[in-house]
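> If it helps, the file is called start14.cif and holds mmCIF, C-alpha atoms and all ligand atoms:
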```cif
data_structure
loop_
_atom_site.group_PDB
_atom_site.id
_atom_site.type_symbol
_atom_site.label_atom_id
_atom_site.label_comp_id
_atom_site.auth_asym_id
_atom_site.auth_seq_id
_atom_site.Cartn_x
_atom_site.Cartn_y
_atom_site.Cartn_z
ATOM 1 C CA MET A 261 56.859 76.438 114.779
ATOM 2 C CA LYS A 262 59.054 73.347 114.287
ATOM 3 C CA LYS A 263 60.472 71.772 117.434
ATOM 4 C CA VAL A 264 64.055 70.477 117.261
ATOM 5 C CA LEU A 265 66.310 68.605 119.637
ATOM 6 C CA ILE A 266 69.924 69.093 118.557
ATOM 7 C CA ASP A 267 72.502 66.402 119.370
ATOM 8 C CA CYS A 268 75.959 67.809 118.669
ATOM 9 C CA ASP A 269 79.716 67.855 119.339
ATOM 10 C CA PRO A 270 80.717 71.522 119.062
ATOM 11 C CA GLY A 271 82.825 71.751 116.983
ATOM 12 C CA ILE A 272 83.166 74.769 114.709
ATOM 13 C CA ASP A 273 80.412 73.893 112.243
ATOM 14 C CA ASP A 274 78.204 72.638 115.100
ATOM 15 C CA SER A 275 78.496 76.163 116.532
ATOM 16 C CA LEU A 276 77.509 77.708 113.236
ATOM 17 C CA ALA A 277 74.567 75.281 113.071
ATOM 18 C CA LEU A 278 73.459 76.290 116.583
ATOM 19 C CA ALA A 279 73.774 79.941 115.536
ATOM 20 C CA LEU A 280 71.543 79.223 112.533
ATOM 21 C CA ALA A 281 68.959 77.598 114.782
ATOM 22 C CA ALA A 282 69.188 80.493 117.261
ATOM 23 C CA GLY A 283 68.671 83.005 114.467
ATOM 24 C CA SER A 284 65.606 81.122 113.227
ATOM 25 C CA SER A 285 63.622 81.443 116.448
ATOM 26 C CA ASP A 286 60.603 82.698 114.513
ATOM 27 C CA SER A 287 60.227 79.230 112.981
ATOM 28 C CA LEU A 288 62.326 76.869 115.172
ATOM 29 C CA ASP A 289 61.824 75.999 118.818
ATOM 30 C CA ILE A 290 64.965 74.363 120.265
ATOM 31 C CA VAL A 291 63.645 72.011 122.957
ATOM 32 C CA GLY A 292 67.072 70.789 124.004
ATOM 33 C CA VAL A 293 70.727 70.437 123.143
ATOM 34 C CA THR A 294 72.496 67.173 123.912
ATOM 35 C CA THR A 295 76.207 66.628 123.599
ATOM 36 C CA VAL A 296 78.376 63.730 122.536
ATOM 37 C CA GLY A 297 82.114 63.134 122.436
ATOM 38 C CA GLY A 298 83.201 63.612 118.837
ATOM 39 C CA ASN A 299 85.290 66.413 117.423
ATOM 40 C CA VAL A 300 86.776 66.789 120.911
ATOM 41 C CA ASP A 301 86.150 65.095 124.269
ATOM 42 C CA LEU A 302 82.693 65.230 125.847
ATOM 43 C CA GLU A 303 83.834 67.644 128.579
ATOM 44 C CA LEU A 304 84.797 70.130 125.876
ATOM 45 C CA THR A 305 81.781 69.630 123.605
ATOM 46 C CA THR A 306 79.569 70.172 126.654
ATOM 47 C CA ALA A 307 81.538 73.221 127.820
ATOM 48 C CA ASN A 308 81.297 74.668 124.315
ATOM 49 C CA ALA A 309 77.551 74.001 124.131
ATOM 50 C CA LEU A 310 77.082 75.750 127.486
ATOM 51 C CA ALA A 311 79.136 78.751 126.366
ATOM 52 C CA LEU A 312 77.187 78.878 123.105
ATOM 53 C CA ARG A 313 73.834 78.727 124.916
ATOM 54 C CA GLU A 314 74.692 81.980 126.645
ATOM 55 C CA PHE A 315 76.533 83.660 123.776
ATOM 56 C CA LEU A 316 73.670 82.904 121.364
ATOM 57 C CA GLN A 317 71.076 83.844 124.024
ATOM 58 C CA LEU A 318 69.273 80.507 123.855
ATOM 59 C CA GLY A 319 67.674 81.192 127.238
ATOM 60 C CA ASP A 320 66.576 78.152 129.217
ATOM 61 C CA VAL A 321 67.238 75.530 126.543
ATOM 62 C CA PRO A 322 68.579 72.547 128.527
ATOM 63 C CA VAL A 323 72.070 71.308 127.662
ATOM 64 C CA THR A 324 72.490 67.669 128.662
ATOM 65 C CA PRO A 325 75.734 65.720 128.280
ATOM 66 C CA GLY A 326 75.681 62.236 126.823
ATOM 67 C CA SER A 327 78.135 59.610 125.627
ATOM 68 C CA ALA A 328 81.861 60.190 125.942
ATOM 69 C CA GLY A 329 82.980 57.656 123.385
ATOM 70 C CA ALA A 330 81.976 55.184 120.712
ATOM 71 C CA LEU A 331 79.888 52.099 121.540
ATOM 72 C CA LEU A 332 82.589 49.568 120.787
ATOM 73 C CA HIS A 333 85.776 50.892 119.354
ATOM 74 C CA ARG A 334 88.590 53.305 119.955
ATOM 75 C CA THR A 335 87.924 57.002 120.150
ATOM 76 C CA VAL A 336 88.516 59.119 117.050
ATOM 77 C CA ARG A 337 88.788 62.896 117.426
ATOM 78 C CA ALA A 338 89.028 65.790 114.935
ATOM 79 C CA THR A 339 91.244 68.227 116.854
ATOM 80 C CA ALA A 340 93.343 68.761 113.728
ATOM 81 C CA VAL A 341 90.269 70.368 112.137
ATOM 82 C CA HIS A 342 88.543 72.024 115.120
ATOM 83 C CA GLY A 343 91.540 72.835 117.340
ATOM 84 C CA SER A 344 92.272 71.527 120.813
ATOM 85 C CA THR A 345 89.194 73.189 122.381
ATOM 86 C CA GLY A 346 86.847 72.383 119.492
ATOM 87 C CA LEU A 347 86.230 76.032 118.629
ATOM 88 C CA GLY A 348 89.472 76.900 116.859
ATOM 89 C CA ASP A 349 90.743 80.325 117.952
ATOM 90 C CA VAL A 350 87.372 81.427 119.311
ATOM 91 C CA VAL A 351 87.238 82.048 123.055
ATOM 92 C CA LEU A 352 83.679 82.614 124.274
ATOM 93 C CA PRO A 353 82.843 84.145 127.666
ATOM 94 C CA GLN A 354 82.701 81.597 130.499
ATOM 95 C CA PRO A 355 79.097 80.450 130.936
ATOM 96 C CA GLY A 356 77.376 81.210 134.226
ATOM 97 C CA ARG A 357 75.202 78.099 134.209
ATOM 98 C CA GLY A 358 76.070 74.407 134.078
ATOM 99 C CA PRO A 359 74.526 71.418 132.310
ATOM 100 C CA SER A 360 71.231 69.770 133.220
ATOM 101 C CA GLU A 361 71.217 66.765 135.518
ATOM 102 C CA GLY A 362 71.005 63.338 133.936
ATOM 103 C CA HIS A 363 72.142 61.766 130.693
ATOM 104 C CA ALA A 364 71.398 62.829 127.136
ATOM 105 C CA VAL A 365 69.951 59.417 126.260
ATOM 106 C CA ASP A 366 67.313 59.716 128.992
ATOM 107 C CA PHE A 367 66.617 63.300 127.983
ATOM 108 C CA ILE A 368 66.093 62.302 124.345
ATOM 109 C CA VAL A 369 63.708 59.456 125.229
ATOM 110 C CA ARG A 370 61.766 61.487 127.778
ATOM 111 C CA THR A 371 61.443 64.539 125.549
ATOM 112 C CA LEU A 372 60.251 62.600 122.501
ATOM 113 C CA GLU A 373 57.802 60.582 124.598
ATOM 114 C CA ALA A 374 56.257 63.768 125.990
ATOM 115 C CA ALA A 375 55.466 65.129 122.510
ATOM 116 C CA PRO A 376 54.992 62.257 120.063
ATOM 117 C CA GLY A 377 55.076 63.320 116.418
ATOM 118 C CA GLU A 378 56.236 66.855 117.227
ATOM 119 C CA ILE A 379 60.004 66.919 117.613
ATOM 120 C CA THR A 380 62.641 66.557 114.918
ATOM 121 C CA LEU A 381 65.931 65.089 116.074
ATOM 122 C CA VAL A 382 68.864 66.855 114.446
ATOM 123 C CA ALA A 383 72.076 64.869 114.941
ATOM 124 C CA VAL A 384 75.308 66.493 113.805
ATOM 125 C CA GLY A 385 77.901 64.467 115.687
ATOM 126 C CA PRO A 386 78.699 60.760 116.039
ATOM 127 C CA LEU A 387 75.404 58.869 116.473
ATOM 128 C CA THR A 388 76.224 57.272 119.837
ATOM 129 C CA ASN A 389 73.482 59.012 121.845
ATOM 130 C CA ILE A 390 70.826 58.384 119.196
ATOM 131 C CA ALA A 391 71.739 54.688 118.906
ATOM 132 C CA LEU A 392 71.606 54.230 122.682
ATOM 133 C CA ALA A 393 68.261 56.025 122.813
ATOM 134 C CA VAL A 394 66.888 53.682 120.122
ATOM 135 C CA ARG A 395 68.140 50.677 122.057
ATOM 136 C CA ARG A 396 66.737 52.034 125.332
ATOM 137 C CA GLU A 397 63.324 52.830 123.851
ATOM 138 C CA PRO A 398 62.657 51.650 120.276
ATOM 139 C CA ARG A 399 59.397 53.609 120.208
ATOM 140 C CA ILE A 400 61.351 56.857 119.773
ATOM 141 C CA VAL A 401 61.428 55.914 116.085
ATOM 142 C CA GLU A 402 57.671 56.549 115.994
ATOM 143 C CA TRP A 403 57.705 59.417 118.471
ATOM 144 C CA ALA A 404 60.268 61.471 116.550
ATOM 145 C CA ARG A 405 58.719 63.625 113.856
ATOM 146 C CA ASP A 406 61.884 63.175 111.830
ATOM 147 C CA LEU A 407 65.588 62.354 112.147
ATOM 148 C CA VAL A 408 67.921 64.627 110.216
ATOM 149 C CA ILE A 409 71.640 63.886 110.334
ATOM 150 C CA MET A 410 74.812 65.413 109.042
ATOM 151 C CA GLY A 411 76.854 62.367 108.236
ATOM 152 C CA GLY A 412 77.948 59.900 105.632
ATOM 153 C CA SER A 413 78.354 60.250 101.910
ATOM 154 C CA TYR A 414 77.739 58.163 98.803
ATOM 155 C CA THR A 415 80.747 59.494 96.904
ATOM 156 C CA ARG A 416 83.710 59.942 99.235
ATOM 157 C CA GLY A 417 84.977 60.254 102.796
ATOM 158 C CA ASN A 418 86.757 63.078 104.589
ATOM 159 C CA HIS A 419 88.426 61.430 107.578
ATOM 160 C CA ASN A 420 89.729 58.859 105.130
ATOM 161 C CA PRO A 421 88.842 58.065 101.504
ATOM 162 C CA ALA A 422 85.897 55.863 102.506
ATOM 163 C CA ALA A 423 84.360 57.373 105.623
ATOM 164 C CA GLU A 424 82.896 60.656 106.764
ATOM 165 C CA PHE A 425 83.964 61.668 110.305
ATOM 166 C CA ASN A 426 80.638 61.267 112.170
ATOM 167 C CA MET A 427 80.191 57.771 110.724
ATOM 168 C CA LEU A 428 83.791 56.709 111.326
ATOM 169 C CA ALA A 429 83.701 57.980 114.912
ATOM 170 C CA ASP A 430 81.018 55.398 115.770
ATOM 171 C CA PRO A 431 80.107 53.078 112.884
ATOM 172 C CA GLU A 432 78.211 50.613 115.087
ATOM 173 C CA ALA A 433 76.007 53.421 116.413
ATOM 174 C CA ALA A 434 75.399 54.672 112.885
ATOM 175 C CA ALA A 435 74.446 51.152 111.758
ATOM 176 C CA ILE A 436 71.940 50.859 114.623
ATOM 177 C CA VAL A 437 70.411 54.205 113.705
ATOM 178 C CA PHE A 438 70.065 53.418 109.990
ATOM 179 C CA GLU A 439 68.531 50.028 110.790
ATOM 180 C CA ALA A 440 66.040 51.347 113.371
ATOM 181 C CA GLY A 441 62.993 51.646 111.117
ATOM 182 C CA TRP A 442 62.721 55.374 110.389
ATOM 183 C CA THR A 443 63.654 57.173 107.200
ATOM 184 C CA VAL A 444 66.902 58.936 108.038
ATOM 185 C CA LYS A 445 67.327 62.269 106.278
ATOM 186 C CA MET A 446 71.007 62.066 105.363
ATOM 187 C CA LEU A 447 72.857 65.290 104.633
ATOM 188 C CA GLY A 448 76.220 63.866 103.665
ATOM 189 C CA LEU A 449 79.461 65.264 102.324
ATOM 190 C CA ASP A 450 78.037 65.067 98.806
ATOM 191 C CA VAL A 451 76.030 68.208 99.559
ATOM 192 C CA THR A 452 77.607 69.688 102.676
ATOM 193 C CA LEU A 453 80.934 70.227 100.909
ATOM 194 C CA THR A 454 79.132 72.641 98.590
ATOM 195 C CA ALA A 455 78.110 74.785 101.598
ATOM 196 C CA SER A 456 81.498 76.435 101.707
ATOM 197 C CA VAL A 457 82.396 79.810 103.145
ATOM 198 C CA THR A 458 83.892 81.675 100.183
ATOM 199 C CA SER A 459 85.303 85.179 100.560
ATOM 200 C CA GLY A 460 81.943 86.519 99.340
ATOM 201 C CA VAL A 461 80.145 84.684 102.167
ATOM 202 C CA LEU A 462 82.750 85.802 104.699
ATOM 203 C CA GLU A 463 82.153 89.441 103.721
ATOM 204 C CA ARG A 464 78.453 88.949 104.532
ATOM 205 C CA MET A 465 79.441 87.624 107.991
ATOM 206 C CA ARG A 466 81.782 90.513 108.891
ATOM 207 C CA PRO A 467 79.250 93.268 109.674
ATOM 208 C CA LEU A 468 77.271 91.172 112.188
ATOM 209 C CA GLY A 469 78.439 92.799 115.426
ATOM 210 C CA ARG A 470 79.192 90.458 118.329
ATOM 211 C CA LEU A 471 78.082 87.450 116.296
ATOM 212 C CA SER A 472 80.807 88.095 113.734
ATOM 213 C CA GLY A 473 83.282 87.543 116.598
ATOM 214 C CA LEU A 474 82.223 83.905 116.488
ATOM 215 C CA LEU A 475 81.471 83.410 112.795
ATOM 216 C CA VAL A 476 84.511 85.003 111.157
ATOM 217 C CA PRO A 477 87.394 83.513 113.204
ATOM 218 C CA ALA A 478 85.610 80.156 113.327
ATOM 219 C CA ALA A 479 85.324 80.027 109.551
ATOM 220 C CA GLN A 480 88.895 81.216 109.044
ATOM 221 C CA PHE A 481 90.296 78.610 111.432
ATOM 222 C CA TYR A 482 88.242 75.918 109.729
ATOM 223 C CA GLY A 483 89.843 76.295 106.320
ATOM 224 C CA VAL A 484 91.343 78.514 103.652
ATOM 225 C CA VAL A 485 88.849 81.020 102.277
ATOM 226 C CA THR A 486 89.181 82.040 98.626
ATOM 227 C CA ASP A 487 86.843 83.592 96.064
ATOM 228 C CA GLU A 488 85.913 80.148 94.763
ATOM 229 C CA SER A 489 86.088 77.876 97.806
ATOM 230 C CA GLY A 490 86.347 77.670 101.567
ATOM 231 C CA PRO A 491 85.541 75.532 104.591
ATOM 232 C CA ALA A 492 82.209 73.711 104.468
ATOM 233 C CA ILE A 493 79.834 74.355 107.358
ATOM 234 C CA HIS A 494 78.492 70.797 107.177
ATOM 235 C CA ASP A 495 76.307 70.797 110.286
ATOM 236 C CA ALA A 496 74.412 73.945 109.351
ATOM 237 C CA CYS A 497 73.014 71.963 106.393
ATOM 238 C CA ALA A 498 71.061 69.739 108.793
ATOM 239 C CA VAL A 499 69.410 72.740 110.454
ATOM 240 C CA ALA A 500 68.817 74.329 107.036
ATOM 241 C CA TYR A 501 67.077 71.129 105.934
ATOM 242 C CA VAL A 502 64.610 71.425 108.822
ATOM 243 C CA LEU A 503 64.002 75.075 107.984
ATOM 244 C CA ASP A 504 63.568 74.526 104.246
ATOM 245 C CA PRO A 505 63.842 70.986 102.852
ATOM 246 C CA GLY A 506 63.209 72.452 99.391
ATOM 247 C CA LEU A 507 66.806 73.725 99.340
ATOM 248 C CA PHE A 508 67.915 70.118 98.807
ATOM 249 C CA THR A 509 67.259 67.501 96.177
ATOM 250 C CA CYS A 510 66.787 64.206 98.018
ATOM 251 C CA VAL A 511 66.590 60.664 96.697
ATOM 252 C CA PRO A 512 65.305 57.538 98.526
ATOM 253 C CA ALA A 513 68.008 54.937 99.144
ATOM 254 C CA VAL A 514 69.059 52.010 101.243
ATOM 255 C CA VAL A 515 72.060 53.029 103.323
ATOM 256 C CA ASN A 516 74.143 50.402 105.086
ATOM 257 C CA VAL A 517 77.012 51.407 107.322
ATOM 258 C CA GLU A 518 80.163 49.331 106.948
ATOM 259 C CA THR A 519 81.328 48.152 110.371
ATOM 260 C CA ALA A 520 83.758 45.406 109.431
ATOM 261 C CA GLY A 521 85.843 46.582 106.476
ATOM 262 C CA GLN A 522 89.572 46.839 107.013
ATOM 263 C CA HIS A 523 89.799 50.030 104.948
ATOM 264 C CA THR A 524 86.137 50.988 104.746
ATOM 265 C CA ARG A 525 84.810 51.121 108.329
ATOM 266 C CA GLY A 526 82.251 53.879 108.592
ATOM 267 C CA MET A 527 81.519 53.971 104.874
ATOM 268 C CA THR A 528 77.838 54.597 104.101
ATOM 269 C CA VAL A 529 77.165 52.140 101.295
ATOM 270 C CA THR A 530 74.261 53.755 99.455
ATOM 271 C CA ASP A 531 71.985 51.967 97.013
ATOM 272 C CA PHE A 532 69.686 54.232 95.009
ATOM 273 C CA LYS A 533 68.420 51.429 92.778
ATOM 274 C CA ILE A 534 65.652 50.318 95.080
ATOM 275 C CA SER A 535 61.910 50.605 95.378
ATOM 276 C CA ASP A 536 60.896 53.556 97.558
ATOM 277 C CA ARG A 537 59.236 51.074 99.900
ATOM 278 C CA ASP A 538 62.601 49.557 100.859
ATOM 279 C CA ALA A 539 64.320 52.878 101.560
ATOM 280 C CA ASN A 540 65.711 53.531 105.027
ATOM 281 C CA ALA A 541 67.027 56.943 104.056
ATOM 282 C CA LEU A 542 66.328 60.030 102.042
ATOM 283 C CA VAL A 543 69.747 61.087 100.805
ATOM 284 C CA ALA A 544 70.510 64.655 99.781
ATOM 285 C CA THR A 545 72.131 64.812 96.359
ATOM 286 C CA SER A 546 72.281 68.538 95.682
ATOM 287 C CA LEU A 547 71.907 71.898 97.410
ATOM 288 C CA ASP A 548 70.743 75.249 96.078
ATOM 289 C CA VAL A 549 73.863 77.012 97.364
ATOM 290 C CA PRO A 550 72.851 80.688 96.815
ATOM 291 C CA ALA A 551 69.461 80.079 98.475
ATOM 292 C CA PHE A 552 71.197 78.247 101.337
ATOM 293 C CA TRP A 553 73.435 81.218 102.054
ATOM 294 C CA ASP A 554 70.528 83.654 101.804
ATOM 295 C CA LEU A 555 68.721 81.587 104.461
ATOM 296 C CA VAL A 556 71.792 81.252 106.702
ATOM 297 C CA ILE A 557 72.939 84.865 106.480
ATOM 298 C CA GLY A 558 69.355 86.090 106.896
ATOM 299 C CA SER A 559 69.080 84.120 110.145
ATOM 300 C CA TYR A 560 72.476 85.345 111.310
ATOM 301 C CA GLU A 561 71.382 88.928 110.631
ATOM 302 C CA LYS A 562 68.291 88.490 112.793
ATOM 303 C CA LEU A 563 70.397 86.959 115.559
ATOM 304 C CA ALA A 564 73.001 89.727 115.275
ATOM 305 C CA THR A 565 70.303 92.344 115.846
ATOM 306 C CA ARG A 566 69.368 90.605 119.098
ATOM 307 C CA LEU A 567 72.964 90.113 120.267
ATOM 308 C CA GLY A 568 74.061 93.655 119.439
HETATM 309 C C1 LIG A 601 81.343 66.360 110.425
HETATM 310 O O1 LIG A 601 82.453 65.962 111.213
HETATM 311 C C2 LIG A 601 82.742 66.924 112.187
HETATM 312 O O2 LIG A 601 84.106 67.190 112.230
HETATM 313 C C3 LIG A 601 81.918 68.138 111.848
HETATM 314 O O3 LIG A 601 81.507 68.819 113.020
HETATM 315 C C4 LIG A 601 80.752 67.578 111.098
HETATM 316 O O4 LIG A 601 79.716 67.184 111.970
HETATM 317 C C5 LIG A 601 81.819 66.587 108.998
HETATM 318 O O5 LIG A 601 82.351 65.409 108.486
HETATM 319 CA CA CA A 602 79.607 67.973 114.289
#
```
Would you mind writing the file's structure down as structure tokens?


Amino acid sequence: MKKVLIDCDPGIDDSLALALAAGSSDSLDIVGVTTVGGNVDLELTTANALALREFLQLGDVPVTPGSAGALLHRTVRATAVHGSTGLGDVVLPQPGRGPSEGHAVDFIVRTLEAAPGEITLVAVGPLTNIALAVRREPRIVEWARDLVIMGGSYTRGNHNPAAEFNMLADPEAAAIVFEAGWTVKMLGLDVTLTASVTSGVLERMRPLGRLSGLLVPAAQFYGVVTDESGPAIHDACAVAYVLDPGLFTCVPAVVNVETAGQHTRGMTVTDFKISDRDANALVATSLDVPAFWDLVIGSYEKLATRLG
């Protein structure tokens, strides 16, 4: 059983990533969900995480809110992509239970300290909480079994030509995280854009009972679905990496996050021409797309059986 702590900003693809984790309960143990302001404001990402905890039947998994905005700079949101609530057209039942007491940063530090070497941090939003946790307690770098992020890119941006959204939303936090001393597993746009919901994938999501009521409208809101292309469920790639790293080709690199550039803030400047010893990241360069979807849909099918 692999233990994961998921830091997220749901967010359409965050929701589909949480659904993947929920459907993989035979091999993943979700020890906590922490939220961060990102795609939408913190109040909404937390409300969405709480609604998802109940909809996905995650039981007692604590949901702990964290940072509302970036460490230093103005807030950037992605409501144009995720809608004003963060979940597109999807309206989940109101959750009966609220968030845990305390702050996500304390939860992250405390949880990693209690189980050194056991828990993989999966961060699929801006890296504000993770950076603050590193600053609060640098030993989390040793305590974490691994840090897997959806963020960055070595070829292109999406929020602008240079920067991927999670990096642009808090470049200083991202720089702190990449410089902290661990080997960041970076699932960037280079691979996540290949994880796109084509019409063939959408057809596999339709017969999944109550779960399809989340998956199908979420995917359709997120982008135009055709036979050849569709919206990329970026964040699910980070969970898929934990489940089966062999789905990805990964290459050691030095990644530096641009924090000063006038047109390039948030760019992940990636140098592959290094000795492995110098690497601060393992960067995904390709994804076995058919095997990815078999894993994701297989997990969704298991979850759908539970949800009815
Ligand atoms: C990332 O940005 C957010 O909009 C998504 O949830 C994902 O984490 C993709 O660039
Ligand atoms: Ca996200």

> Residues near region 363-378 of chain A, anyone? I mean within 7 Å using all atoms listed in the file, not counting same-chain ones fewer than 6 positions away, as an mmCIF file with C-alpha atoms, in the coordinates of the input.


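Written out: around.cif:
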```
data_model
loop_
_atom_site.group_PDB
_atom_site.id
_atom_site.type_symbol
_atom_site.label_atom_id
_atom_site.label_comp_id
_atom_site.auth_asym_id
_atom_site.auth_seq_id
_atom_site.Cartn_x
_atom_site.Cartn_y
_atom_site.Cartn_z
ATOM 1 C CA LYS A 263 60.472 71.772 117.434
ATOM 2 C CA THR A 294 72.496 67.173 123.912
ATOM 3 C CA THR A 324 72.490 67.669 128.662
ATOM 4 C CA PRO A 325 75.734 65.720 128.280
ATOM 5 C CA GLY A 326 75.681 62.236 126.823
ATOM 6 C CA ASN A 389 73.482 59.012 121.845
ATOM 7 C CA LEU A 392 71.606 54.230 122.682
ATOM 8 C CA ALA A 393 68.261 56.025 122.813
ATOM 9 C CA GLU A 397 63.324 52.830 123.851
ATOM 10 C CA ILE A 400 61.351 56.857 119.773
ATOM 11 C CA TRP A 403 57.705 59.417 118.471
ATOM 12 C CA ALA A 404 60.268 61.471 116.550
ATOM 13 C CA ARG A 405 58.719 63.625 113.856
#
```

> Do you have, as a tab-separated table, the list of residues of chain A lying at most 7 Å from ligand CA 602 (chain A), each with its nearest atom pair and that distance in Å to one decimal, counting all atoms listed in the file and ordered by chain then number?


```
residue	atom	partner	partner_atom	distance
A:Cys268	CA	A:CA602	CA	5.7
A:Asp269	CA	A:CA602	CA	5.1
A:Pro270	CA	A:CA602	CA	6.1
A:Gly271	CA	A:CA602	CA	5.6
A:Asp273	CA	A:CA602	CA	6.3
A:Asp274	CA	A:CA602	CA	4.9
A:Asn299	CA	A:CA602	CA	6.7
A:Val384	CA	A:CA602	CA	4.6
A:Gly385	CA	A:CA602	CA	4.1
A:Asp495	CA	A:CA602	CA	5.9
```

> Apply the PyMOL selection byres (((not hetatm)) within 10 of (chain A and resi 601)) to the displayed file and report the matching residues as a ChimeraX atom specification.

/A:268-277,298-300,337-342,346,383-386,409-413,417-419,423-429,448-449,452-453,482,492-498

> With all atoms listed in the file as the atoms that count, which of A:Asn516, A:Ser472, A:Thr528, A:Gln354 lies nearest to Gly568 (chain A)?

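Among the listed residues, A:Ser472 lies closest to Gly568 (chain A).
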
> Which residue out of A:Leu474, A:Ile266, A:Val549, A:Val502 has the minimum interatomic distance to Gly348 (chain A) when all atoms listed in the file are used?

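Closest residue, counting all atoms listed in the file: A:Leu474.
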
> Translate the PyMOL selection byres (((chain A and resi 333) around 10) and not hetatm) into a concrete residue list for this structure, as a CSV table (one decimal) with C-alpha atoms, in the coordinates of the input.


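Generated output (selection13.csv):
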```
chain,number,residue,atom,x,y,z
A,329,GLY,CA,83.0,57.7,123.4
A,330,ALA,CA,82.0,55.2,120.7
A,331,LEU,CA,79.9,52.1,121.5
A,332,LEU,CA,82.6,49.6,120.8
A,334,ARG,CA,88.6,53.3,120.0
A,335,THR,CA,87.9,57.0,120.2
A,336,VAL,CA,88.5,59.1,117.0
A,429,ALA,CA,83.7,58.0,114.9
A,430,ASP,CA,81.0,55.4,115.8
A,431,PRO,CA,80.1,53.1,112.9
A,432,GLU,CA,78.2,50.6,115.1
```

> Around the point (88.1, 81.9, 89.7) (coordinates from the file), which residues reach within 12 Å if we count all atoms listed in the file? Answer as an MDAnalysis selection string.

chainID A and resid 458:459 486:489

> Quick check on the file I pasted: which residues fall under the PyMOL selection byres (((chain A and resi 529) around 8) and not hetatm)? Write them as JSON, numbers by chain.

{"A": [414, 515, 516, 517, 518, 527, 528, 530, 531]}

> At a cut-off of 10 Å from (76.9, 77.4, 122.9) in the coordinates of the file, what residues are picked up using all atoms listed in the file, written as a list in words?

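Residues satisfying the cut-off, written out: Pro270, Asp274, Ser275, Leu276, Leu278, Ala279, Val293, Thr305, Thr306, Ala307, Asn308, Ala309, Leu310, Ala311, Leu312, Arg313, Glu314, Phe315, Leu316, Gln317, Leu318, Val323, Leu352 and Pro355 of chain A.
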
> Taking only residues of region 519-557 of chain A that have an atom at most 12 Å from an atom of region 436-440 of chain A, what is each one's shortest atom pair and its distance in Å to one decimal, using all atoms listed in the file, in chain and number order, as CSV?


```
residue,atom,partner,partner_atom,distance
A:Thr519,CA,A:Ile436,CA,10.7
A:Thr528,CA,A:Phe438,CA,9.8
A:Val529,CA,A:Phe438,CA,11.3
A:Thr530,CA,A:Phe438,CA,11.3
A:Asp538,CA,A:Glu439,CA,11.6
A:Ala539,CA,A:Phe438,CA,10.2
A:Asn540,CA,A:Phe438,CA,6.6
A:Ala541,CA,A:Phe438,CA,7.5
A:Leu542,CA,A:Phe438,CA,11.0
A:Val543,CA,A:Phe438,CA,12.0
```

> Kindly export the residues of the current selection with C-alpha atoms, as a PDB file, keeping the file's coordinate frame.


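Saved the output as part.pdb:
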```
ATOM      1  CA  THR A 519      81.328  48.152 110.371  1.00  0.00           C
ATOM      2  CA  THR A 528      77.838  54.597 104.101  1.00  0.00           C
ATOM      3  CA  VAL A 529      77.165  52.140 101.295  1.00  0.00           C
ATOM      4  CA  THR A 530      74.261  53.755  99.455  1.00  0.00           C
ATOM      5  CA  ASP A 538      62.601  49.557 100.859  1.00  0.00           C
ATOM      6  CA  ALA A 539      64.320  52.878 101.560  1.00  0.00           C
ATOM      7  CA  ASN A 540      65.711  53.531 105.027  1.00  0.00           C
ATOM      8  CA  ALA A 541      67.027  56.943 104.056  1.00  0.00           C
ATOM      9  CA  LEU A 542      66.328  60.030 102.042  1.00  0.00           C
ATOM     10  CA  VAL A 543      69.747  61.087 100.805  1.00  0.00           C
TER      11      VAL A 543
END
```

> List every residue of region 486-525 of chain A that has an atom at most 10 Å from any atom of region 284-288 of chain A, giving for each one its closest atom pair and the distance in Å to one decimal, counting all atoms listed in the file, sorted by chain and then by ascending residue number, as a tab-separated table.


```
residue	atom	partner	partner_atom	distance
A:Val499	CA	A:Leu288	CA	9.5
A:Ala500	CA	A:Ser284	CA	9.7
A:Val502	CA	A:Leu288	CA	8.7
A:Leu503	CA	A:Ser287	CA	7.5
```

> Given only C-alpha atoms as the basis, pick out the residue of A:Glu561, A:Asp504, A:Asp536, A:Glu463 nearest to Thr443 (chain A).

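Ranking A:Glu561, A:Asp504, A:Asp536, A:Glu463 by distance to Thr443 (chain A), first place goes to A:Asp536.
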
> Pick from A:Met465, A:Leu471, A:Val476, A:Met446: nearest to Pro505 (chain A), with all atoms listed in the file counted?

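Once distances to Pro505 (chain A) are computed over all atoms listed in the file, the minimum belongs to A:Met446.
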
> Mind giving me the axis-aligned box for region 489-496 of chain A with 8 Å on every side, centre plus edges in Å to one decimal, as lines of an AutoDock Vina configuration file?


```
center_x = 80.4
center_y = 74.3
center_z = 104.0
size_x = 27.9
size_y = 23.1
size_z = 28.5
```

> I'd like the interatomic distance between CA of Pro512 (chain A) and CA of Arg395 (chain A), to a tenth of an Å.

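Separation of CA of Pro512 (chain A) and CA of Arg395 (chain A): 24.7 Å.
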
> What does the distance from CA of Pro550 (chain A) to CA of Leu280 (chain A) come to in Å, to one decimal?

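Here the two named atoms are 15.8 Å from each other.
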